[in-house]
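Q: This is input.txt, which holds compact mmCIF, C-alpha atoms and all ligand atoms:
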# COMPACT_ATOMS: atom_id res chain seq x y z
CA MET M 1 42.11 -32.87 -10.28
CA PRO M 2 41.10 -30.77 -7.32
CA ARG M 3 43.13 -27.63 -7.27
CA ARG M 4 45.06 -26.99 -4.11
CA ALA M 5 46.19 -23.56 -3.14
CA ALA M 6 49.89 -23.22 -3.85
CA THR M 7 50.40 -21.32 -0.67
CA HIS M 8 48.42 -21.55 2.49
CA ASP M 9 49.48 -20.56 5.94
CA HIS M 10 49.21 -24.06 7.39
CA ALA M 11 46.00 -23.13 9.13
CA PHE M 12 44.99 -26.79 9.07
CA PRO M 13 47.16 -29.01 11.24
CA GLU M 14 48.66 -32.02 9.49
CA PRO M 15 46.95 -35.29 10.41
CA GLY M 16 49.22 -37.23 12.73
CA HIS M 17 51.14 -34.15 13.90
CA ASN M 18 52.47 -34.07 17.43
CA HIS M 19 49.32 -32.81 19.07
CA ALA M 20 50.57 -33.37 22.60
CA ARG M 21 52.98 -30.56 21.81
CA CYS M 22 50.16 -28.25 20.58
CA ALA M 23 48.24 -28.89 23.81
CA ALA M 24 51.27 -28.43 26.05
CA GLU M 25 52.23 -25.20 24.29
CA ALA M 26 48.68 -23.89 24.55
CA LEU M 27 48.53 -24.50 28.29
CA HIS M 28 51.93 -22.95 28.72
CA LYS M 29 50.87 -19.83 26.78
CA ALA M 30 47.61 -19.61 28.70
CA GLU M 31 49.53 -19.59 31.97
CA ALA M 32 51.66 -16.75 30.64
CA VAL M 33 48.63 -14.75 29.46
CA CYS M 34 46.96 -15.14 32.85
CA ALA M 35 50.12 -14.15 34.70
CA ALA M 36 50.53 -11.06 32.49
CA ARG M 37 46.92 -10.08 33.20
CA LYS M 38 47.27 -10.75 36.92
CA THR M 39 44.61 -13.39 36.94
CA ARG M 40 44.77 -17.08 37.62
CA LEU M 41 44.33 -20.18 35.55
CA THR M 42 42.59 -22.03 38.37
CA GLU M 43 42.38 -25.81 38.37
CA ILE M 44 38.96 -25.95 36.72
CA ARG M 45 39.91 -23.34 34.09
CA ARG M 46 43.05 -25.30 33.32
CA ASP M 47 41.19 -28.61 33.16
CA VAL M 48 38.54 -27.15 30.83
CA LEU M 49 41.21 -25.59 28.63
CA SER M 50 43.12 -28.84 28.33
CA LEU M 51 39.91 -30.66 27.35
CA VAL M 52 39.22 -28.00 24.71
CA TRP M 53 42.76 -28.65 23.46
CA GLN M 54 42.29 -32.41 23.23
CA SER M 55 42.09 -31.93 19.49
CA HIS M 56 41.47 -29.32 16.81
CA VAL M 57 37.82 -30.31 16.67
CA PRO M 58 35.49 -27.96 18.58
CA VAL M 59 33.96 -29.53 21.68
CA GLY M 60 30.61 -28.88 23.36
CA ALA M 61 30.20 -27.84 26.99
CA TYR M 62 28.43 -31.07 27.89
CA ASP M 63 31.20 -33.18 26.41
CA ILE M 64 33.66 -31.22 28.50
CA LEU M 65 31.51 -31.76 31.58
CA ALA M 66 31.17 -35.49 30.90
CA ARG M 67 34.91 -35.90 30.51
CA LEU M 68 35.63 -33.88 33.65
CA ASN M 69 33.28 -36.10 35.62
CA ALA M 70 34.32 -39.33 33.92
CA GLY M 71 36.14 -40.44 37.06
CA GLY M 72 32.98 -40.06 39.14
CA GLY M 73 33.41 -36.34 39.85
CA LYS M 74 30.49 -34.05 40.57
CA ILE M 75 31.43 -30.85 38.83
CA ALA M 76 28.32 -28.79 38.04
CA PRO M 77 27.54 -27.53 34.51
CA MET M 78 27.63 -23.97 35.84
CA ALA M 79 31.28 -24.38 36.86
CA VAL M 80 32.15 -25.45 33.32
CA TYR M 81 30.26 -22.53 31.79
CA ARG M 82 31.95 -20.09 34.16
CA ALA M 83 35.37 -21.49 33.27
CA LEU M 84 34.53 -21.23 29.55
CA GLU M 85 33.37 -17.64 30.03
CA PHE M 86 36.67 -16.78 31.63
CA LEU M 87 38.64 -18.47 28.86
CA ILE M 88 36.62 -16.64 26.18
CA GLU M 89 36.97 -13.31 27.96
CA HIS M 90 40.74 -13.70 27.87
CA ASP M 91 40.77 -14.85 24.23
CA LEU M 92 42.11 -18.26 25.17
CA VAL M 93 39.08 -20.02 23.71
CA HIS M 94 36.53 -19.08 21.05
CA ARG M 95 32.90 -20.12 20.92
CA LEU M 96 31.66 -21.27 17.56
CA ALA M 97 27.99 -20.40 17.44
CA SER M 98 27.24 -22.55 14.40
CA LEU M 99 28.30 -25.66 16.33
CA ASN M 100 27.59 -24.45 19.85
CA ALA M 101 31.08 -25.65 20.65
CA TYR M 102 34.44 -24.34 21.82
CA ILE M 103 37.89 -24.29 20.28
CA GLY M 104 41.27 -23.21 21.62
CA CYS M 105 42.58 -19.92 20.25
CA ALA M 106 45.50 -20.28 17.86
CA HIS M 107 46.70 -16.74 18.53
CA MET M 108 46.72 -16.75 22.30
CA GLY M 109 48.36 -13.83 23.97
CA GLU M 110 48.19 -11.66 20.87
CA LYS M 111 46.00 -8.59 20.72
CA ALA M 112 42.24 -9.02 20.87
CA HIS M 113 41.29 -10.26 17.47
CA ALA M 114 38.36 -10.96 15.23
CA ALA M 115 38.72 -14.60 14.43
CA GLN M 116 37.70 -16.30 11.25
CA PHE M 117 37.20 -20.04 11.35
CA LEU M 118 37.27 -22.55 8.57
CA ILE M 119 35.35 -25.58 9.75
CA CYS M 120 35.73 -28.89 7.92
CA ARG M 121 32.45 -30.76 7.72
CA ALA M 122 34.28 -34.04 7.04
CA CYS M 123 36.79 -34.25 9.90
CA GLY M 124 35.34 -31.52 12.11
CA THR M 125 38.63 -29.65 12.39
CA ALA M 126 38.32 -25.90 12.84
CA ALA M 127 41.24 -23.76 11.73
CA GLU M 128 41.58 -20.18 12.89
CA LEU M 129 42.62 -17.46 10.51
CA ASP M 130 43.50 -13.97 11.54
CA SER M 131 43.11 -12.18 8.26
CA ALA M 132 43.49 -8.42 8.59
CA PRO M 133 42.18 -7.65 5.05
CA LEU M 134 39.10 -9.79 5.68
CA LYS M 135 38.48 -8.07 8.98
CA ARG M 136 38.88 -4.61 7.44
CA ALA M 137 36.52 -5.38 4.58
CA LEU M 138 33.93 -6.81 6.93
CA THR M 139 34.15 -3.99 9.43
CA GLN M 140 33.79 -1.43 6.66
CA ALA M 141 30.82 -3.16 5.08
CA VAL M 142 29.07 -3.43 8.42
CA THR M 143 29.79 0.03 9.82
CA GLU M 144 28.71 1.63 6.53
CA ARG M 145 25.29 0.28 7.37
CA GLY M 146 25.36 1.97 10.76
CA PHE M 147 25.73 -1.28 12.63
CA ALA M 148 27.79 -1.38 15.81
CA ILE M 149 29.70 -4.63 16.16
CA ASP M 150 29.81 -6.42 19.51
CA SER M 151 31.74 -9.41 18.40
CA GLN M 152 32.63 -10.81 15.06
CA ILE M 153 33.61 -14.37 14.56
CA VAL M 154 33.23 -15.54 11.01
CA GLU M 155 32.50 -19.24 10.62
CA ILE M 156 32.92 -20.78 7.22
CA SER M 157 32.07 -24.42 6.63
CA GLY M 158 33.58 -26.60 3.93
CA ILE M 159 36.21 -29.26 3.29
CA CYS M 160 39.77 -28.93 4.55
CA PRO M 161 42.86 -29.67 2.41
CA HIS M 162 43.36 -33.03 4.18
CA CYS M 163 39.82 -34.21 3.42
CA THR M 164 39.83 -33.04 -0.19
CA PRO M 165 39.76 -36.21 -2.28
ZN ZN Q 201 47.57 -30.09 17.29
ZN ZN Q 202 41.86 -16.64 18.42
ZN ZN Q 203 38.91 -32.16 7.14
What is this structure when it is put down as structure tokens?
Ligand SMILES: [Zn+2]
Ligand SMILES: [Zn+2]
Ligand SMILES: [Zn+2]

A:
Amino acid sequence: MPRRAATHDHAFPEPGHNHARCAAEALHKAEAVCAARKTRLTEIRRDVLSLVWQSHVPVGAYDILARLNAGGGKIAPMAVYRALEFLIEHDLVHRLASLNAYIGCAHMGEKAHAAQFLICRACGTAAELDSAPLKRALTQAVTERGFAIDSQIVEISGICPHCTP
């Protein structure tokens, strides 16, 4: 019998959950974050963000571009990258280097944070943790070695609770 953690913080969304609600809430929060920071969620930024939020599986820039232009549009790759840069800068989206793909932030509008991602290699879902003890331990271990951190996103690959046989 595979052992399941007795308590987990529901980092992994239930299969079949009401994802339209996740996406709508995310866009709503993003609007609020932009308003609070006196910047704008322009049409392209909003379109890119909603494509990132199509699921909890990270998506690549070229997939985003292809979907944006699916109706025969001519949006340039640069426009998508610029929109992604903006979304990352405002912590609305995270880039997962191991997949070269993007995922919506689960803690939008909260303080700047060091994200930790659990990435399921079976279903592709990426769940964001915001573990303060993990961050503290990591920061300490790194700074003790005289290393100055620019960014720290931890990416851990494995099998999520829903894909565990
Ligand atoms: Zn969802
Ligand atoms: Zn985040
Ligand atoms: Zn999975």

Q: Counting all atoms listed in the file, which of M:Cys120, M:Ala127, M:Ala76, M:Ala61 gets nearest to Cys105 in chain M?

A: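 When distances to Cys105 in chain M are compared using all atoms listed in the file, the smallest one comes from M:Ala127.
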
Q: Throw together the list of residues within 10 Å of ligand ZN 201 (chain Q), counting all atoms listed in the file, and drop it here as a PyMOL selection string.

A: chain M and resi 12-26+53-57

Q: Which residue is closest to ligand ZN 202 (chain Q)? Choose from M:Ser131, M:Asn100, M:Thr139, M:Ser157 and count only C-alpha atoms and all ligand atoms.

A: M:Ser131

Q: Skip Asp63 in chain M itself and residues of its chain fewer than 3 positions away, then list as JSON, numbers by chain all residues within 12 Å of it, counting only C-alpha atoms.

A: {"M": [48, 51, 52, 54, 58, 59, 60, 66, 67, 68, 69, 70, 77, 80, 81, 100, 101, 102]}

Q: Quick one: which chain M residues come within 6 Å of ligand ZN 202 (chain Q), and what is the nearest atom pair for each with the distance in Å to one decimal, counting only C-alpha atoms and all ligand atoms, rows ordered by chain and ascending number, as JSON lines?

A:
{"residue": "M:Cys105", "atom": "CA", "partner": "Q:ZN202", "partner_atom": "ZN", "distance": 3.8}
{"residue": "M:Ala106", "atom": "CA", "partner": "Q:ZN202", "partner_atom": "ZN", "distance": 5.2}
{"residue": "M:His107", "atom": "CA", "partner": "Q:ZN202", "partner_atom": "ZN", "distance": 4.8}
{"residue": "M:Ala115", "atom": "CA", "partner": "Q:ZN202", "partner_atom": "ZN", "distance": 5.5}

Q: Please write out the residues within 6 Å of ligand ZN 203 (chain Q) as number ranges by chain, counting all atoms listed in the file.

A: M: 120, 122-123, 125, 159-160, 162-163

Q: Go ahead and write the residues just picked, C-alpha atoms, as an mmCIF file, keeping the file's coordinate frame.

A:
data_model
loop_
_atom_site.group_PDB
_atom_site.id
_atom_site.type_symbol
_atom_site.label_atom_id
_atom_site.label_comp_id
_atom_site.auth_asym_id
_atom_site.auth_seq_id
_atom_site.Cartn_x
_atom_site.Cartn_y
_atom_site.Cartn_z
ATOM 1 C CA CYS M 120 35.730 -28.890 7.920
ATOM 2 C CA ALA M 122 34.280 -34.040 7.040
ATOM 3 C CA CYS M 123 36.790 -34.250 9.900
ATOM 4 C CA THR M 125 38.630 -29.650 12.390
ATOM 5 C CA ILE M 159 36.210 -29.260 3.290
ATOM 6 C CA CYS M 160 39.770 -28.930 4.550
ATOM 7 C CA HIS M 162 43.360 -33.030 4.180
ATOM 8 C CA CYS M 163 39.820 -34.210 3.420
#

Q: Please report the interatomic distance between CA of Glu110 in chain M and CA of Leu84 in chain M in Å with one decimal.

A: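 CA of Glu110 in chain M sits 18.8 Å away from CA of Leu84 in chain M.
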
Q: Could you give me, as a list in words, the residues within 12 Å of Val33 in chain M, counting only C-alpha atoms and dropping anything in the same chain fewer than 6 positions from it?

A: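 Here the answer would be Ala26, Leu27, Thr39, Arg40, Leu41, Leu87, Glu89, His90, Asp91, Leu92, His107, Met108, Gly109, Glu110 and Lys111 of chain M.
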
Q: At what distance in Å, to one decimal, does CA of Ile119 in chain M lie from CA of Gly104 in chain M?

A: 13.5 Å

Q: So how many Å separate CA of Leu118 in chain M and CA of Ala11 in chain M, to one decimal?

A: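 Interatomic distance, CA of Leu118 in chain M to CA of Ala11 in chain M: 8.8 Å.
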
Q: With only C-alpha atoms as the counted atoms, please give the residues lying no more than 10 Å from Lys135 in chain M, apart from itself and same-chain residues fewer than 6 positions off, as a list of chain:residue names.

A: M:His113, M:Ala114, M:Ala115, M:Gln116, M:Ala141, M:Gln152, M:Ile153, M:Val154

Q: Which is closest to Ser98 in chain M among M:Arg121, M:His28, M:Lys38, M:Arg82, if we use only C-alpha atoms?

A: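 Once distances to Ser98 in chain M are computed over only C-alpha atoms, the minimum belongs to M:Arg121.
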
Q: Just checking: using only C-alpha atoms, which residue out of M:Ala30, M:Val142, M:Ile44, M:Ala126 ends up closest to Arg95 in chain M?

A: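 Nearest candidate to Arg95 in chain M out of M:Ala30, M:Val142, M:Ile44, M:Ala126: M:Ala126.
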